[in-house]
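This report refers to the structure that appears directly beneath it.
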Amino acid sequence: MTGGDVALRSRNLDSRGLEILPERRHLPFDDHTSWKIIVRRVLEYAFLGRPACLMCYEPDRFSLAHQLADKRTERIDGRKYLMAFTESCPRQLISSVADGDEFQLSVLWLCSVPLTETERLRNLARAVRGRKRLFDELPETQEEVLVRVDDGEVLWWINPHRSEEDIREALREAARSVGWKFTVKSD
């Protein structure tokens, strides 16, 4: 991994979360691979061993969410969503999510809402995908969500269950693991 002149940056998204991204856009292959490793480490930090719901917008028959046994399909405002739940998110599932096209293209995201909370899931689907200009602004939700935006070059962690200080330390360590620097951008 090259890393030398690449830095991982985070900034606050209001008081509701963090935006995590490489400082340089359109990464070359080696640095893109490093970015994927960082995304995987963030997902592990957020959901490894925790209950998690994969929400997939307009899923196809190959959707990653189909792999989980506890799932259901919903139509919300005329759009199809596949929601799949696990009581304890395993490392293999996190790796598959982090490396998959669905997550990179923002059609799949992770949240902490159980499948039994139908109305909360419906509201979250509307908040994340129900706007005309997708991801121009932070979704209005109280739920914890990890979603990639801007063709996968940006990661939003909305309403994280961990402290900002702990998250920043984990990001610093993730950046260091691939030879990147870590910076915090203040608005």
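Letters A, B, ... mark the chains of the structure tokens in the order given; residue numbers begin at 1 per chain; ligand numbers begin at 1, in order shown.
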Note to self: Neighbouring residues of Asp99 of chain A were defined as those with any atom within 10 Å, considering only C-alpha atoms; residues of the same chain fewer than 6 positions away were excluded. Please report them as a ChimeraX atom specification.
What the structure shows: /A:33,36-37,39-40,93
Per residue of segment 6-72 of chain A within 12 Å of segment 122-126 of chain A, what are the shortest atom pair and its distance in Å to one decimal, counting only C-alpha atoms, with rows by chain and residue number, as a tab-separated table?
```
residue	atom	partner	partner_atom	distance
A:Cys53	CA	A:Leu124	CA	11.4
A:Leu54	CA	A:Ala125	CA	11.2
A:Met55	CA	A:Ala125	CA	7.9
A:Cys56	CA	A:Ala125	CA	9.2
A:Tyr57	CA	A:Ala125	CA	8.3
A:Glu58	CA	A:Ala125	CA	11.4
```
Please identify every residue of segment 8-83 of chain A that has at least one atom no farther than 9 Å from an atom of segment 160-174 of chain A, counting only C-alpha atoms, and for each give the shortest atom pair and the distance in Å to one decimal, arranged by chain then increasing number, as CSV.
```
residue,atom,partner,partner_atom,distance
A:Leu8,CA,A:Leu171,CA,7.9
A:Arg9,CA,A:Leu171,CA,8.8
A:Ser10,CA,A:Arg168,CA,8.0
A:Arg16,CA,A:Pro160,CA,7.8
A:Gly17,CA,A:Pro160,CA,6.3
A:Leu18,CA,A:Pro160,CA,8.3
A:Ile20,CA,A:Leu171,CA,8.6
A:Ile37,CA,A:Ala174,CA,8.1
A:Ile38,CA,A:Ala174,CA,5.6
A:Val39,CA,A:Ala174,CA,8.8
A:Arg41,CA,A:Ala174,CA,6.5
A:Val42,CA,A:Leu171,CA,7.3
A:Tyr45,CA,A:Ala170,CA,7.6
A:Ala46,CA,A:Pro160,CA,7.7
```
Quick one: write out the picked residues with C-alpha atoms as a PDB file, in the first residue's frame?
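Dumped everything to selection_9.pdb:
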```
ATOM      1  CA  LEU A   8      -8.003   9.972   6.078  1.00  0.00           C
ATOM      2  CA  ARG A   9     -10.187  12.887   7.097  1.00  0.00           C
ATOM      3  CA  SER A  10     -13.241  13.133   9.298  1.00  0.00           C
ATOM      4  CA  ARG A  16     -25.504  13.697  14.631  1.00  0.00           C
ATOM      5  CA  GLY A  17     -22.487  11.948  13.202  1.00  0.00           C
ATOM      6  CA  LEU A  18     -19.279  11.907  11.230  1.00  0.00           C
ATOM      7  CA  ILE A  20     -15.216   9.905   6.872  1.00  0.00           C
ATOM      8  CA  ILE A  37      -9.691  -1.692   4.225  1.00  0.00           C
ATOM      9  CA  ILE A  38     -10.516   1.431   6.239  1.00  0.00           C
ATOM     10  CA  VAL A  39     -14.224   1.131   5.390  1.00  0.00           C
ATOM     11  CA  ARG A  41     -12.451  -1.531   9.799  1.00  0.00           C
ATOM     12  CA  VAL A  42     -15.048   1.198  10.451  1.00  0.00           C
ATOM     13  CA  TYR A  45     -15.808  -1.101  14.827  1.00  0.00           C
ATOM     14  CA  ALA A  46     -19.459  -0.088  14.470  1.00  0.00           C
TER      15      ALA A  46
END
```
Checklist line | Shell around Phe62 of chain A at 12 Å using only C-alpha atoms, local window under 3 positions removed, as a PyMOL selection string | finding: chain A and resi 56+58-59+65-67+82+100-102
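The spacing separating atom CA of Cys111 of chain A from atom CA of Arg11 of chain A amounts to 20.4 Å.
Proximity ranking of A:Phe103, A:Trp180, A:Phe47, A:Tyr81 relative to Asp31 of chain A places A:Trp180 first, based on only C-alpha atoms.
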Notebook entry, point to check: Quick one: distance from atom CA of Cys89 of chain A to atom CA of Gln142 of chain A in Å, one decimal?
Noted result: 20.9 Å
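Nearest residue to Glu140 of chain A, choosing from A:Val113, A:Leu13, A:Leu105, A:Leu155 and counting only C-alpha atoms: A:Leu13.
Coordinates place atom CA of Pro90 of chain A at a distance of 22.8 Å from atom CA of Asp60 of chain A.
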Note to self: Please extract the residues of segment 11-117 of chain A with a backbone DSSP assignment of strand (DSSP E or B) and present them as a ChimeraX atom specification.
What the structure shows: /A:11-13,17-22,48,52-57,70-76,79-86,89,108-111
Item checked: Long-range neighbours of Arg91 of chain A as a PyMOL selection string, 9 Å cut-off, only C-alpha atoms, 5 positions minimum in chain -> chain A and resi 44+48-49+96
Write a file of the just-selected residues containing C-alpha atoms, as a PDB file, in the first residue's frame.
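As a result, selection_5.pdb now contains:
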```
ATOM      1  CA  GLU A  44     -16.254  -3.769  12.178  1.00  0.00           C
ATOM      2  CA  LEU A  48     -19.033  -6.466  14.797  1.00  0.00           C
ATOM      3  CA  GLY A  49     -20.878  -8.691  17.271  1.00  0.00           C
ATOM      4  CA  SER A  96     -18.923  -8.848   2.236  1.00  0.00           C
TER       5      SER A  96
END
```
Item checked: Residues flagged helix (DSSP H, G or I) by DSSP in segment 75-109 of chain A, as an NGL selection string -> :A and (91-99 or 101-104)
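Shell of Leu146 of chain A at 8 Å, with only C-alpha atoms counted and residues fewer than 6 places along the chain excluded, is Leu43, Trp109, Leu110, Cys111, Leu155, Trp156, Trp157 and Ile158 of chain A.
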